[in-house]
$ cat upload-v6.csv   # CSV, C-alpha atoms
chain,number,residue,atom,x,y,z
A,921,MET,CA,-86.2,12.3,18.8
A,922,GLU,CA,-88.9,13.0,16.2
A,923,THR,CA,-88.5,13.3,12.4
A,924,GLN,CA,-91.0,15.2,10.3
A,925,VAL,CA,-91.2,14.8,6.5
A,926,ASP,CA,-93.6,15.6,3.7
A,927,ALA,CA,-95.9,12.7,2.7
A,928,LEU,CA,-98.7,11.9,0.3
A,929,LEU,CA,-101.6,10.5,2.4
A,930,PHE,CA,-104.4,8.1,1.5
A,931,GLY,CA,-107.3,7.1,3.8
A,932,PRO,CA,-111.0,7.4,4.5
A,933,GLY,CA,-112.4,10.7,3.3
A,934,LEU,CA,-109.1,11.7,1.5
A,935,PRO,CA,-108.9,12.1,-2.3
A,936,ALA,CA,-108.3,8.9,-4.3
A,937,THR,CA,-105.2,10.6,-5.7
A,938,GLY,CA,-103.9,11.4,-2.3
A,939,GLN,CA,-103.7,14.3,0.1
A,940,ARG,CA,-100.5,16.3,0.6
A,941,GLY,CA,-99.6,16.4,4.2
A,942,SER,CA,-96.8,15.6,6.7
A,943,LEU,CA,-95.7,12.6,8.7
A,944,ARG,CA,-94.1,12.9,12.1
A,945,ALA,CA,-92.1,9.9,13.2
A,946,ALA,CA,-91.4,9.2,16.8
A,947,ALA,CA,-89.8,6.2,18.6
A,948,ASP,CA,-93.0,4.3,19.1
A,949,HIS,CA,-95.6,5.9,16.9
A,950,ILE,CA,-96.3,7.9,13.8
A,951,GLU,CA,-98.7,10.8,13.2
A,952,ILE,CA,-100.0,12.1,9.9
A,953,SER,CA,-101.6,15.4,9.4
A,954,TRP,CA,-102.9,17.6,6.6
A,955,SER,CA,-104.8,20.8,6.0
A,956,GLY,CA,-108.4,21.0,4.8
A,957,SER,CA,-111.9,20.5,6.0
A,958,GLY,CA,-114.7,18.0,5.6
A,959,PRO,CA,-116.0,15.0,7.6
A,960,ILE,CA,-113.6,12.3,8.4
A,961,ALA,CA,-114.8,8.8,9.3
A,962,ALA,CA,-114.4,8.0,13.0
A,963,VAL,CA,-111.6,5.6,14.0
A,964,THR,CA,-111.1,3.8,17.3
A,965,GLU,CA,-107.6,2.2,17.2
A,966,ALA,CA,-106.1,5.2,15.5
A,967,ASP,CA,-106.4,8.4,17.5
A,968,PHE,CA,-108.0,11.1,15.4
A,969,ASP,CA,-108.0,14.7,16.3
A,970,GLY,CA,-109.2,17.1,13.6
A,971,GLU,CA,-107.0,16.6,10.7
A,972,SER,CA,-104.4,14.2,12.0
A,973,VAL,CA,-104.2,10.4,12.6
A,974,THR,CA,-101.9,8.6,15.0
A,975,CYS,CA,-100.8,5.0,14.9
A,976,ALA,CA,-98.6,2.8,17.0
A,977,LEU,CA,-95.3,2.0,15.2
A,978,GLY,CA,-95.7,-1.7,15.8
A,979,ASP,CA,-98.9,-1.7,13.6
A,980,VAL,CA,-97.2,-0.2,10.6
A,981,ALA,CA,-96.1,-2.2,7.5
A,982,PHE,CA,-93.4,-0.9,5.2
A,983,ALA,CA,-92.8,-1.2,1.5
A,984,GLU,CA,-90.9,0.6,-1.3
A,985,VAL,CA,-92.7,3.1,-3.4
A,986,GLY,CA,-92.1,5.6,-6.2
A,987,PHE,CA,-90.4,5.6,-9.6
A,988,GLY,CA,-87.4,3.3,-9.2
A,989,LYS,CA,-88.8,2.7,-5.7
A,990,PRO,CA,-86.5,5.0,-3.7
A,991,GLY,CA,-89.4,6.1,-1.5
A,992,LEU,CA,-91.0,4.5,1.6
A,993,GLU,CA,-94.6,3.5,2.1
A,994,LEU,CA,-96.2,3.2,5.6
A,995,ARG,CA,-99.4,1.2,5.8
A,996,TRP,CA,-101.7,0.4,8.7
A,997,THR,CA,-105.2,-0.7,9.3
A,998,ALA,CA,-107.6,0.9,11.8
A,999,HIS,CA,-111.1,-0.1,12.8
A,1000,GLY,CA,-113.7,2.5,12.3
A,1001,SER,CA,-117.5,2.7,12.1
A,1002,ALA,CA,-117.4,1.4,8.6
A,1003,GLY,CA,-115.2,-1.5,9.5
A,1004,GLU,CA,-111.5,-1.8,8.7
A,1005,GLU,CA,-110.0,1.3,7.2
A,1006,VAL,CA,-106.6,1.3,5.5
A,1007,TRP,CA,-104.3,4.3,5.9
A,1008,LEU,CA,-101.2,4.9,3.8
A,1009,ALA,CA,-98.4,7.5,3.9
A,1010,HIS,CA,-96.1,7.7,0.9
A,1011,VAL,CA,-92.8,9.5,1.6
A,1012,LEU,CA,-91.6,10.0,-2.0
A,1013,ASP,CA,-88.5,12.2,-1.4
A,1014,PRO,CA,-85.6,9.7,-1.4
A,1015,VAL,CA,-83.6,11.8,1.1
A,1016,ALA,CA,-86.6,11.9,3.5
A,1017,ALA,CA,-87.3,8.2,3.0
A,1018,ALA,CA,-83.6,7.4,3.7
A,1019,ALA,CA,-83.7,9.5,6.9
A,1020,LEU,CA,-86.6,7.4,8.2
A,1021,ARG,CA,-84.9,4.1,7.3
A,1022,LYS,CA,-81.8,5.1,9.1
A,1023,ARG,CA,-83.4,6.0,12.4
A,1024,ALA,CA,-81.8,3.7,14.9
A,1025,ASP,CA,-85.1,2.9,16.7
A,1026,TRP,CA,-86.9,2.2,13.3
A,1027,ALA,CA,-84.1,0.2,11.8
A,1028,ALA,CA,-84.4,-2.3,14.6
A,1029,LEU,CA,-88.0,-3.2,13.6
A,1030,PRO,CA,-88.0,-6.6,11.9
A,1031,ALA,CA,-90.2,-5.4,9.0
A,1032,LEU,CA,-88.1,-2.4,8.2
A,1033,ALA,CA,-84.8,-4.3,8.7
A,1034,ARG,CA,-86.1,-6.8,6.1
A,1035,LEU,CA,-87.0,-4.1,3.7
A,1036,ASN,CA,-83.7,-2.4,4.1
A,1037,ARG,CA,-81.9,-5.6,3.3
A,1038,GLN,CA,-84.1,-6.1,0.2
A,1039,GLN,CA,-83.3,-2.6,-1.0
A,1040,GLN,CA,-79.6,-3.1,-0.5
A,1041,ARG,CA,-79.7,-6.2,-2.6
A,1042,LYS,CA,-81.6,-4.4,-5.3
A,1043,GLN,CA,-79.2,-1.5,-5.2
A,1044,THR,CA,-76.3,-3.9,-5.6
A,1045,LYS,CA,-78.0,-5.6,-8.5
A,1046,ARG,CA,-78.7,-2.2,-10.2
A,1047,LEU,CA,-75.1,-1.1,-9.7
A,1048,LEU,CA,-73.8,-4.4,-11.2
A,1049,GLY,CA,-76.2,-4.0,-14.1
A,1050,TRP,CA,-75.1,-0.5,-14.8
A,1051,MET,CA,-71.5,-1.5,-14.5
A,1052,ALA,CA,-72.1,-4.3,-17.0
A,1053,VAL,CA,-73.7,-1.8,-19.4
A,1054,GLY,CA,-70.9,0.6,-18.9
A,1055,ALA,CA,-68.3,-2.1,-19.5
A,1056,LEU,CA,-70.1,-3.1,-22.7
A,1057,VAL,CA,-70.3,0.4,-23.9
A,1058,LEU,CA,-66.8,1.4,-22.9
A,1059,SER,CA,-65.0,-1.9,-23.6
A,1060,PRO,CA,-63.7,-0.8,-27.0
A,1061,LEU,CA,-62.3,2.5,-25.5
A,1062,LEU,CA,-60.9,0.6,-22.5
A,1063,LEU,CA,-59.2,-1.8,-24.9
A,1064,VAL,CA,-57.7,1.0,-26.9
A,1065,VAL,CA,-56.4,2.6,-23.7
A,1066,LEU,CA,-55.0,-0.7,-22.5
A,1067,PHE,CA,-53.4,-1.5,-25.8
A,1068,PHE,CA,-52.0,2.0,-26.1
A,1069,THR,CA,-50.4,1.8,-22.6
A,1070,GLN,CA,-49.3,-1.9,-22.8
A,1071,ALA,CA,-48.9,-2.4,-26.6
A,1072,SER,CA,-45.2,-3.3,-26.5
A,1073,ARG,CA,-45.6,-5.7,-23.6
A,1074,VAL,CA,-48.7,-7.4,-25.1
A,1075,ALA,CA,-47.1,-7.6,-28.6
A,1076,GLY,CA,-43.9,-9.0,-27.0
A,1077,ALA,CA,-45.8,-11.7,-25.1
A,1078,ILE,CA,-47.6,-12.8,-28.3
A,1079,THR,CA,-44.4,-12.7,-30.3
A,1080,GLU,CA,-42.7,-15.1,-27.9
A,1081,ARG,CA,-45.4,-17.7,-28.6
A,1082,ILE,CA,-45.1,-17.5,-32.4
A,1083,PRO,CA,-43.0,-20.5,-33.7
A,1084,ILE,CA,-39.8,-19.7,-35.5
A,1085,ALA,CA,-41.0,-21.5,-38.6
A,1086,GLN,CA,-44.1,-19.3,-38.8
A,1087,GLU,CA,-41.9,-16.2,-38.4
A,1088,VAL,CA,-39.6,-17.4,-41.2
A,1089,ARG,CA,-42.6,-18.0,-43.5
A,1090,LEU,CA,-44.0,-14.5,-42.7
A,1091,GLY,CA,-40.7,-12.9,-43.6
A,1092,ARG,CA,-40.4,-14.9,-46.8
A,1093,GLU,CA,-43.9,-14.0,-47.9
A,1094,ALA,CA,-43.2,-10.3,-47.2
A,1095,PHE,CA,-40.0,-10.5,-49.2
A,1096,ASN,CA,-41.7,-12.2,-52.1
A,1097,ALA,CA,-44.4,-9.5,-52.1
A,1098,MET,CA,-41.9,-6.7,-52.4
A,1099,ARG,CA,-39.4,-8.5,-54.6
A,1100,GLY,CA,-41.0,-7.4,-57.8
A,1101,ASN,CA,-40.2,-3.8,-56.9
A,1102,LEU,CA,-36.6,-4.4,-55.9
A,1103,LYS,CA,-33.6,-4.3,-58.2
A,1104,LEU,CA,-31.6,-7.1,-56.6
A,1105,LEU,CA,-27.8,-7.3,-57.1
A,1106,ASP,CA,-27.6,-10.8,-55.7
A,1107,HIS,CA,-24.4,-11.8,-57.7
A,1108,SER,CA,-22.5,-8.5,-57.4
A,1109,PRO,CA,-19.3,-8.0,-55.4
A,1110,ALA,CA,-21.2,-5.8,-53.1
A,1111,GLN,CA,-23.6,-8.6,-52.2
A,1112,GLY,CA,-20.6,-10.9,-51.5
A,1113,VAL,CA,-19.1,-8.4,-49.1
A,1114,VAL,CA,-22.4,-7.9,-47.3
A,1115,ALA,CA,-23.0,-11.7,-47.1
A,1116,ASP,CA,-19.5,-12.3,-45.7
A,1117,LEU,CA,-19.9,-9.7,-43.0
A,1118,GLY,CA,-23.4,-11.1,-42.2
A,1119,ARG,CA,-22.0,-14.6,-41.7
A,1120,LYS,CA,-19.5,-13.3,-39.2
A,1121,LEU,CA,-22.3,-11.7,-37.2
A,1122,THR,CA,-24.8,-14.6,-37.3
A,1123,GLN,CA,-22.7,-17.6,-36.2
A,1124,GLY,CA,-24.8,-19.9,-34.0
A,1125,SER,CA,-28.0,-18.1,-34.7
A,1126,ARG,CA,-31.3,-20.0,-34.7
A,1127,TYR,CA,-32.1,-18.3,-38.0
A,1128,HIS,CA,-30.8,-19.0,-41.5
A,1129,TYR,CA,-29.9,-15.6,-42.8
A,1130,GLU,CA,-30.1,-14.2,-46.3
A,1131,PHE,CA,-28.4,-11.0,-47.2
A,1132,HIS,CA,-29.4,-9.0,-50.3
A,1133,VAL,CA,-28.2,-5.8,-51.9
A,1134,VAL,CA,-30.7,-3.6,-53.7
A,1135,GLU,CA,-29.9,-1.0,-56.3
A,1136,ASP,CA,-31.4,2.1,-54.7
A,1137,PRO,CA,-29.8,5.5,-54.0
A,1138,THR,CA,-31.6,6.0,-50.6
A,1139,LEU,CA,-29.7,5.4,-47.4
A,1140,ASN,CA,-31.6,2.5,-46.2
A,1141,ALA,CA,-31.4,-1.1,-44.8
A,1142,PHE,CA,-34.0,-3.2,-43.2
A,1143,ALA,CA,-34.5,-6.7,-41.8
A,1144,LEU,CA,-37.5,-9.0,-42.2
A,1145,PRO,CA,-38.6,-11.6,-39.6
A,1146,GLY,CA,-36.9,-14.9,-40.0
A,1147,GLY,CA,-33.5,-13.5,-41.2
A,1148,ILE,CA,-33.8,-11.7,-44.5
A,1149,VAL,CA,-31.6,-8.5,-44.4
A,1150,VAL,CA,-31.7,-6.0,-47.3
A,1151,VAL,CA,-29.2,-3.2,-47.8
A,1152,HIS,CA,-29.5,-0.4,-50.4
A,1153,THR,CA,-26.6,0.7,-52.5
A,1154,GLY,CA,-27.2,4.3,-51.3
A,1155,LEU,CA,-26.3,3.2,-47.7
A,1156,LEU,CA,-23.2,1.2,-48.9
A,1157,ALA,CA,-22.0,4.3,-50.7
A,1158,ALA,CA,-22.4,6.4,-47.5
A,1159,THR,CA,-20.1,4.2,-45.5
A,1160,LYS,CA,-16.4,5.1,-45.2
A,1161,ARG,CA,-15.1,1.7,-44.2
A,1162,PRO,CA,-16.3,-1.9,-43.8
A,1163,GLU,CA,-16.6,-1.5,-40.0
A,1164,GLU,CA,-19.4,1.0,-40.6
A,1165,LEU,CA,-21.3,-1.4,-42.8
A,1166,ALA,CA,-20.7,-4.1,-40.2
A,1167,GLY,CA,-22.2,-1.8,-37.6
A,1168,VAL,CA,-25.4,-1.4,-39.7
A,1169,LEU,CA,-25.6,-5.1,-40.3
A,1170,ALA,CA,-25.1,-6.0,-36.6
A,1171,HIS,CA,-27.9,-3.6,-35.8
A,1172,GLU,CA,-30.3,-5.1,-38.4
A,1173,VAL,CA,-29.4,-8.7,-37.4
A,1174,GLN,CA,-30.3,-7.9,-33.8
A,1175,HIS,CA,-33.7,-6.7,-34.9
A,1176,VAL,CA,-34.2,-10.2,-36.2
A,1177,GLU,CA,-32.7,-11.9,-33.2
A,1178,LEU,CA,-34.8,-9.9,-30.8
A,1179,ARG,CA,-37.9,-10.4,-33.1
A,1180,HIS,CA,-38.6,-6.7,-33.3
A,1181,GLY,CA,-40.1,-6.9,-36.8
A,1182,THR,CA,-42.5,-9.6,-35.7
A,1183,SER,CA,-43.5,-7.7,-32.5
A,1184,ALA,CA,-44.0,-4.5,-34.5
A,1185,LEU,CA,-46.3,-6.5,-36.9
A,1186,VAL,CA,-48.3,-7.9,-34.0
A,1187,LYS,CA,-48.7,-4.4,-32.6
A,1188,GLU,CA,-49.8,-3.1,-36.1
A,1189,ALA,CA,-52.2,-5.9,-36.5
A,1190,GLY,CA,-53.6,-5.2,-33.0
A,1191,TRP,CA,-54.3,-1.6,-33.9
A,1192,ARG,CA,-55.9,-2.7,-37.2
A,1193,LEU,CA,-58.2,-5.1,-35.3
A,1194,LEU,CA,-59.2,-2.4,-32.8
A,1195,TRP,CA,-59.9,0.0,-35.6
A,1196,ALA,CA,-62.0,-2.7,-37.3
A,1197,TRP,CA,-64.0,-3.2,-34.1
A,1198,PHE,CA,-64.8,0.5,-34.0
A,1199,THR,CA,-65.7,0.8,-37.7
A,1200,GLY,CA,-67.0,-2.7,-38.4
A,1201,ASP,CA,-64.6,-3.0,-41.4
A,1202,PHE,CA,-62.8,-6.3,-40.9
A,1203,GLY,CA,-61.8,-6.7,-44.5
A,1204,SER,CA,-58.5,-4.8,-44.1
A,1205,THR,CA,-57.2,-6.4,-40.9
A,1206,ALA,CA,-55.5,-9.4,-42.3
A,1207,ALA,CA,-51.9,-9.8,-41.2
A,1208,ALA,CA,-51.0,-10.5,-44.8
A,1209,GLN,CA,-51.7,-6.9,-45.7
A,1210,ALA,CA,-49.5,-5.6,-42.9
A,1211,ALA,CA,-46.8,-8.1,-43.9
A,1212,ALA,CA,-46.2,-6.2,-47.1
A,1213,GLU,CA,-45.4,-3.1,-45.0
A,1214,LEU,CA,-42.7,-4.9,-42.9
A,1215,GLY,CA,-39.9,-3.1,-44.7
A,1216,SER,CA,-41.2,0.3,-43.6
A,1217,LEU,CA,-42.4,-0.5,-40.0
A,1218,LYS,CA,-40.9,1.9,-37.5
A,1219,PHE,CA,-39.3,0.5,-34.4
A,1220,SER,CA,-39.7,2.1,-31.0
A,1221,ARG,CA,-36.9,4.0,-29.3
A,1222,ASP,CA,-36.5,1.1,-26.9
A,1223,ALA,CA,-36.2,-1.4,-29.7
A,1224,GLU,CA,-33.5,0.7,-31.4
A,1225,ARG,CA,-31.5,1.0,-28.2
A,1226,ALA,CA,-31.8,-2.7,-27.7
A,1227,ALA,CA,-30.6,-3.4,-31.2
A,1228,ASP,CA,-27.7,-1.0,-30.7
A,1229,ALA,CA,-26.6,-2.6,-27.5
A,1230,ALA,CA,-26.9,-6.2,-28.8
A,1231,GLY,CA,-25.3,-5.3,-32.1
A,1232,PHE,CA,-22.4,-3.7,-30.3
A,1233,THR,CA,-21.8,-6.9,-28.3
A,1234,ALA,CA,-22.1,-9.0,-31.5
A,1235,LEU,CA,-19.4,-6.9,-33.2
A,1236,VAL,CA,-17.0,-7.3,-30.3
A,1237,ASN,CA,-17.7,-11.0,-30.1
A,1238,ALA,CA,-17.0,-11.3,-33.9
A,1239,GLY,CA,-13.7,-9.4,-33.5
A,1240,ILE,CA,-15.0,-6.4,-35.4
A,1241,ASP,CA,-14.2,-2.8,-34.3
A,1242,PRO,CA,-17.5,-1.5,-32.9
A,1243,SER,CA,-16.5,2.1,-33.4
A,1244,GLY,CA,-17.8,1.8,-37.0
A,1245,MET,CA,-21.4,1.6,-35.6
A,1246,ALA,CA,-21.1,4.8,-33.6
A,1247,GLU,CA,-19.4,6.6,-36.5
A,1248,PHE,CA,-22.0,5.7,-39.1
A,1249,PHE,CA,-24.9,6.5,-36.9
A,1250,ALA,CA,-23.4,9.8,-36.0
A,1251,THR,CA,-23.0,10.5,-39.8
A,1252,MET,CA,-26.7,9.6,-40.3
A,1253,GLY,CA,-27.7,11.9,-37.5
A,1254,LEU,CA,-25.9,14.8,-39.3
A,1255,GLN,CA,-27.6,13.8,-42.6
A,1256,ALA,CA,-31.1,13.6,-41.2
A,1257,PRO,CA,-32.5,16.6,-43.1
A,1258,ASP,CA,-31.2,15.1,-46.4
A,1259,ALA,CA,-32.3,11.5,-45.9
A,1260,PRO,CA,-36.1,11.5,-46.3
A,1261,GLY,CA,-37.9,8.2,-46.4
A,1262,ALA,CA,-34.8,6.2,-45.8
A,1263,PHE,CA,-32.8,4.7,-42.9
A,1264,LEU,CA,-33.7,7.5,-40.5
A,1265,SER,CA,-37.5,7.3,-41.2
A,1266,THR,CA,-37.6,3.7,-40.0
A,1267,HIS,CA,-34.7,3.8,-37.5
A,1268,PRO,CA,-35.1,7.1,-35.7
A,1269,LEU,CA,-31.8,8.3,-34.2
A,1270,SER,CA,-31.5,10.2,-31.0
A,1271,LYS,CA,-28.6,11.9,-29.1
A,1272,ASP,CA,-28.9,9.5,-26.2
A,1273,ARG,CA,-28.4,6.5,-28.5
A,1274,GLU,CA,-25.2,8.0,-29.9
A,1275,GLN,CA,-24.0,8.9,-26.4
A,1276,ALA,CA,-24.8,5.3,-25.2
A,1277,LEU,CA,-22.6,3.9,-28.0
A,1278,ARG,CA,-19.8,6.3,-27.2
A,1279,GLN,CA,-20.0,5.3,-23.6
A,1280,ARG,CA,-19.8,1.6,-24.5
A,1281,LEU,CA,-16.7,2.4,-26.6
A,1282,ALA,CA,-15.1,4.3,-23.7
A,1283,GLU,CA,-15.7,1.4,-21.3
A,1284,LEU,CA,-14.4,-1.2,-23.7
A,1285,PRO,CA,-11.2,-2.8,-22.4
A,1286,GLU,CA,-8.2,-1.9,-24.5
A,1287,ARG,CA,-8.1,-4.2,-27.4
A,1288,THR,CA,-6.7,-4.3,-30.9
A,1289,PHE,CA,-9.2,-5.2,-33.7
A,1290,VAL,CA,-7.9,-6.5,-37.0
A,1291,PRO,CA,-9.2,-4.1,-39.8
A,1292,LEU,CA,-11.7,-5.7,-42.1
A,1293,PRO,CA,-10.6,-6.2,-45.7
A,1294,GLY,CA,-12.1,-3.4,-47.8
A,1295,SER,CA,-10.0,-2.2,-50.7
A,1296,PRO,CA,-11.4,-0.6,-52.7
A,1297,TRP,CA,-14.2,0.8,-50.6
A,1298,PRO,CA,-17.2,1.1,-51.0
A,1299,PRO,CA,-17.3,-2.3,-52.8
A,1300,PRO,CA,-17.6,-2.2,-56.6
A,1301,GLY,CA,-20.5,-3.5,-58.6
A,1302,MET,CA,-23.2,-1.2,-57.2
$ encode --input "upload-v6.csv" --output "structure tokens"
Amino acid sequence: METQVDALLFGPGLPATGQRGSLRAAADHIEISWSGSGPIAAVTEADFDGESVTCALGDVAFAEVGFGKPGLELRWTAHGSAGEEVWLAHVLDPVAAAALRKRADWAALPALARLNRQQQRKQTKRLLGWMAVGALVLSPLLLVVLFFTQASRVAGAITERIPIAQEVRLGREAFNAMRGNLKLLDHSPAQGVVADLGRKLTQGSRYHYEFHVVEDPTLNAFALPGGIVVVHTGLLAATKRPEELAGVLAHEVQHVELRHGTSALVKEAGWRLLWAWFTGDFGSTAAAQAAAELGSLKFSRDAERAADAAGFTALVNAGIDPSGMAEFFATMGLQAPDAPGAFLSTHPLSKDREQALRQRLAELPERTFVPLPGSPWPPPGM
């Protein structure tokens, strides 16, 4: 089987810049031909007939040629009247060069087989080089995609490695940073009621809890890492009985126990670091700055559902009627349009969460819960 391709030819009597022609490849020889006129030096070991030259395949040497070297050079020496004469055929079309390389009878030649192996190694190195460049260029984007898809898992893994003492210090620093803007009612009857309920819900905890009441009409409550729980008087006033307040406290306590605040802060810091990488502004990425925002960090739907479930169990274990949690969250759901920037902004409610609590209540074995003391209610001193 023969293969014919275009080639740029060099040899005796041909222009120094090359002569366009063709190369015909057979199993045991090659033949180059071109159009034109003029004397051609006589050759003896290469058959010459007009404007063509033939050479035995075994006399041909092979090399790469062309920009990026995707082409194939064929070189051989013939003995003419002027002595040794060098002939070259450059197949510059990569497709045509590849077709010659892949001929089964040619690929078996030691010289061409060696060249093919060298080209494969070069192609592998080039591919790896481009992959390295691509990875360097795309690594920030890949990190963003990775962090976006795995942010909760990554943040959770990091959070588990943060010592409790460091978490407590973080929560304390955050509370001290916001304390100047809070109207604390630390010695009021309301604070006493909140603290008493909190103690019932935190027996045996690894944290030492603090419960604070803040004079603020918004319906809000939040927990800081390490065990600081803050309740607004607006939320206290919205509860109809102590069990509803206990439900809120159980939910907030479980955010601490499950380290949701710390995990959210780690995730927030991760986004800040990625943004700094893109912008080059590393001055605003300190965790201390994010710590001041802990009271307004939003938890994910999964975190809210986890705090609901664990809080429900904590209420039952403490002997407190858990129906108060479902009742209060249902009330908050109805008040969503009228509660901007408060509990619902940082604790987004959803119908499935309320339904899950109702389902837990329906599955709860029949049991009588002793009502919590709460007369008058809401507690005075707010």
$ residues_around --input "upload-v6.csv" --residues "Asn1237 in chain A" --least-positions-apart "6" --cutoff "10 Å" --atoms "all atoms listed in the file" --output "list in words"
Lys1120, Leu1121 and Gly1231 of chain A
$ atom_distance --input "upload-v6.csv" --atom1 "CA of His1175 in chain A" --atom2 "CA of Tyr1129 in chain A"
12.5 Å
$ residues_near_point --input "upload-v6.csv" --point "(-34.8, -16.4, -34.3)" --cutoff "8 Å" --atoms "all atoms listed in the file" --output "short mmCIF file (atom, residue, chain, number, x, y, z; two decimals) with C-alpha atoms, keeping the file's coordinate frame"
data_model
loop_
_atom_site.label_atom_id
_atom_site.label_comp_id
_atom_site.auth_asym_id
_atom_site.auth_seq_id
_atom_site.Cartn_x
_atom_site.Cartn_y
_atom_site.Cartn_z
CA ILE A 1084 -39.80 -19.70 -35.50
CA SER A 1125 -28.00 -18.10 -34.70
CA ARG A 1126 -31.30 -20.00 -34.70
CA TYR A 1127 -32.10 -18.30 -38.00
CA GLY A 1146 -36.90 -14.90 -40.00
CA GLY A 1147 -33.50 -13.50 -41.20
CA VAL A 1176 -34.20 -10.20 -36.20
CA GLU A 1177 -32.70 -11.90 -33.20
CA LEU A 1178 -34.80 -9.90 -30.80
CA ARG A 1179 -37.90 -10.40 -33.10
#
$ residues_around --input "upload-v6.csv" --residues "range 1271-1288 of chain A" --least-positions-apart "2" --cutoff "8 Å" --atoms "only C-alpha atoms" --output "tab-separated table (two decimals) with C-alpha atoms, in the coordinates of the input"
chain	number	residue	atom	x	y	z
A	1225	ARG	CA	-31.50	1.00	-28.20
A	1228	ASP	CA	-27.70	-1.00	-30.70
A	1229	ALA	CA	-26.60	-2.60	-27.50
A	1232	PHE	CA	-22.40	-3.70	-30.30
A	1242	PRO	CA	-17.50	-1.50	-32.90
A	1243	SER	CA	-16.50	2.10	-33.40
A	1246	ALA	CA	-21.10	4.80	-33.60
A	1249	PHE	CA	-24.90	6.50	-36.90
A	1250	ALA	CA	-23.40	9.80	-36.00
A	1269	LEU	CA	-31.80	8.30	-34.20
A	1290	VAL	CA	-7.90	-6.50	-37.00
$ axis_aligned_box --input "upload-v6.csv" --around "range 1086-1100 of chain A" --padding-each-side "4 Å" --output "AutoDock Vina command-line options"
--center_x -41.9 --center_y -13.0 --center_z -48.1 --size_x 13.0 --size_y 20.6 --size_z 27.4
$ residues_around --input "upload-v6.csv" --residues "Leu1169 in chain A" --least-positions-apart "6" --cutoff "9 Å" --atoms "only C-alpha atoms" --output "MDAnalysis selection string"
chainID A and resid 1114 1117:1118 1121 1141 1149 1151 1231
$ atom_distance --input "upload-v6.csv" --atom1 "CA of Gly1091 in chain A" --atom2 "CA of Ile1078 in chain A"
16.8 Å
$ atom_distance --input "upload-v6.csv" --atom1 "CA of Leu1008 in chain A" --atom2 "CA of Ala976 in chain A"
13.6 Å
$ residues_around --input "upload-v6.csv" --residues "Pro1299 in chain A" --least-positions-apart "3" --cutoff "8 Å" --atoms "only C-alpha atoms" --output "PyMOL selection string"
chain A and resi 1109-1110+1113+1156+1294-1296+1302
$ residues_around --input "upload-v6.csv" --residues "Leu1155 in chain A" --least-positions-apart "3" --cutoff "9 Å" --atoms "all atoms listed in the file" --output "number ranges by chain"
A: 1136-1141, 1151-1152, 1158-1159, 1165, 1263
$ closest_residue --input "upload-v6.csv" --among "A:Val1173, A:Ala1024, A:Val1186, A:Ala1157" --to "Trp1297 in chain A" --atoms "all atoms listed in the file"
A:Ala1157
$ closest_residue --input "upload-v6.csv" --among "A:Ala998, A:Ala1226, A:Leu1090, A:Ala1115" --to "His1180 in chain A" --atoms "only C-alpha atoms"
A:Ala1226
$ decode --input "upload-v6.csv" --residues "range 1222-1229 of chain A" --atoms "N, CA, C and O atoms" --output "mmCIF file, in the first residue's frame"
data_model
loop_
_atom_site.group_PDB
_atom_site.id
_atom_site.type_symbol
_atom_site.label_atom_id
_atom_site.label_comp_id
_atom_site.auth_asym_id
_atom_site.auth_seq_id
_atom_site.Cartn_x
_atom_site.Cartn_y
_atom_site.Cartn_z
ATOM 1 N N ASP A 1222 -29.880 22.592 57.262
ATOM 2 C CA ASP A 1222 -29.491 21.354 57.944
ATOM 3 C C ASP A 1222 -29.149 21.618 59.398
ATOM 4 O O ASP A 1222 -29.506 20.832 60.289
ATOM 5 N N ALA A 1223 -28.424 22.722 59.665
ATOM 6 C CA ALA A 1223 -28.072 23.053 61.045
ATOM 7 C C ALA A 1223 -29.314 23.358 61.867
ATOM 8 O O ALA A 1223 -29.419 22.962 63.037
ATOM 9 N N GLU A 1224 -30.275 24.052 61.272
ATOM 10 C CA GLU A 1224 -31.516 24.368 62.003
ATOM 11 C C GLU A 1224 -32.297 23.102 62.328
ATOM 12 O O GLU A 1224 -32.813 22.942 63.436
ATOM 13 N N ARG A 1225 -32.368 22.199 61.349
ATOM 14 C CA ARG A 1225 -33.090 20.955 61.608
ATOM 15 C C ARG A 1225 -32.388 20.130 62.685
ATOM 16 O O ARG A 1225 -33.038 19.505 63.527
ATOM 17 N N ALA A 1226 -31.045 20.119 62.664
ATOM 18 C CA ALA A 1226 -30.291 19.379 63.677
ATOM 19 C C ALA A 1226 -30.514 19.967 65.067
ATOM 20 O O ALA A 1226 -30.677 19.229 66.050
ATOM 21 N N ALA A 1227 -30.538 21.307 65.162
ATOM 22 C CA ALA A 1227 -30.780 21.952 66.455
ATOM 23 C C ALA A 1227 -32.207 21.692 66.928
ATOM 24 O O ALA A 1227 -32.451 21.524 68.132
ATOM 25 N N ASP A 1228 -33.157 21.660 66.003
ATOM 26 C CA ASP A 1228 -34.543 21.322 66.362
ATOM 27 C C ASP A 1228 -34.608 19.928 66.980
ATOM 28 O O ASP A 1228 -35.187 19.723 68.058
ATOM 29 N N ALA A 1229 -34.028 18.960 66.259
ATOM 30 C CA ALA A 1229 -34.128 17.563 66.692
ATOM 31 C C ALA A 1229 -33.441 17.353 68.034
ATOM 32 O O ALA A 1229 -33.997 16.720 68.947
#
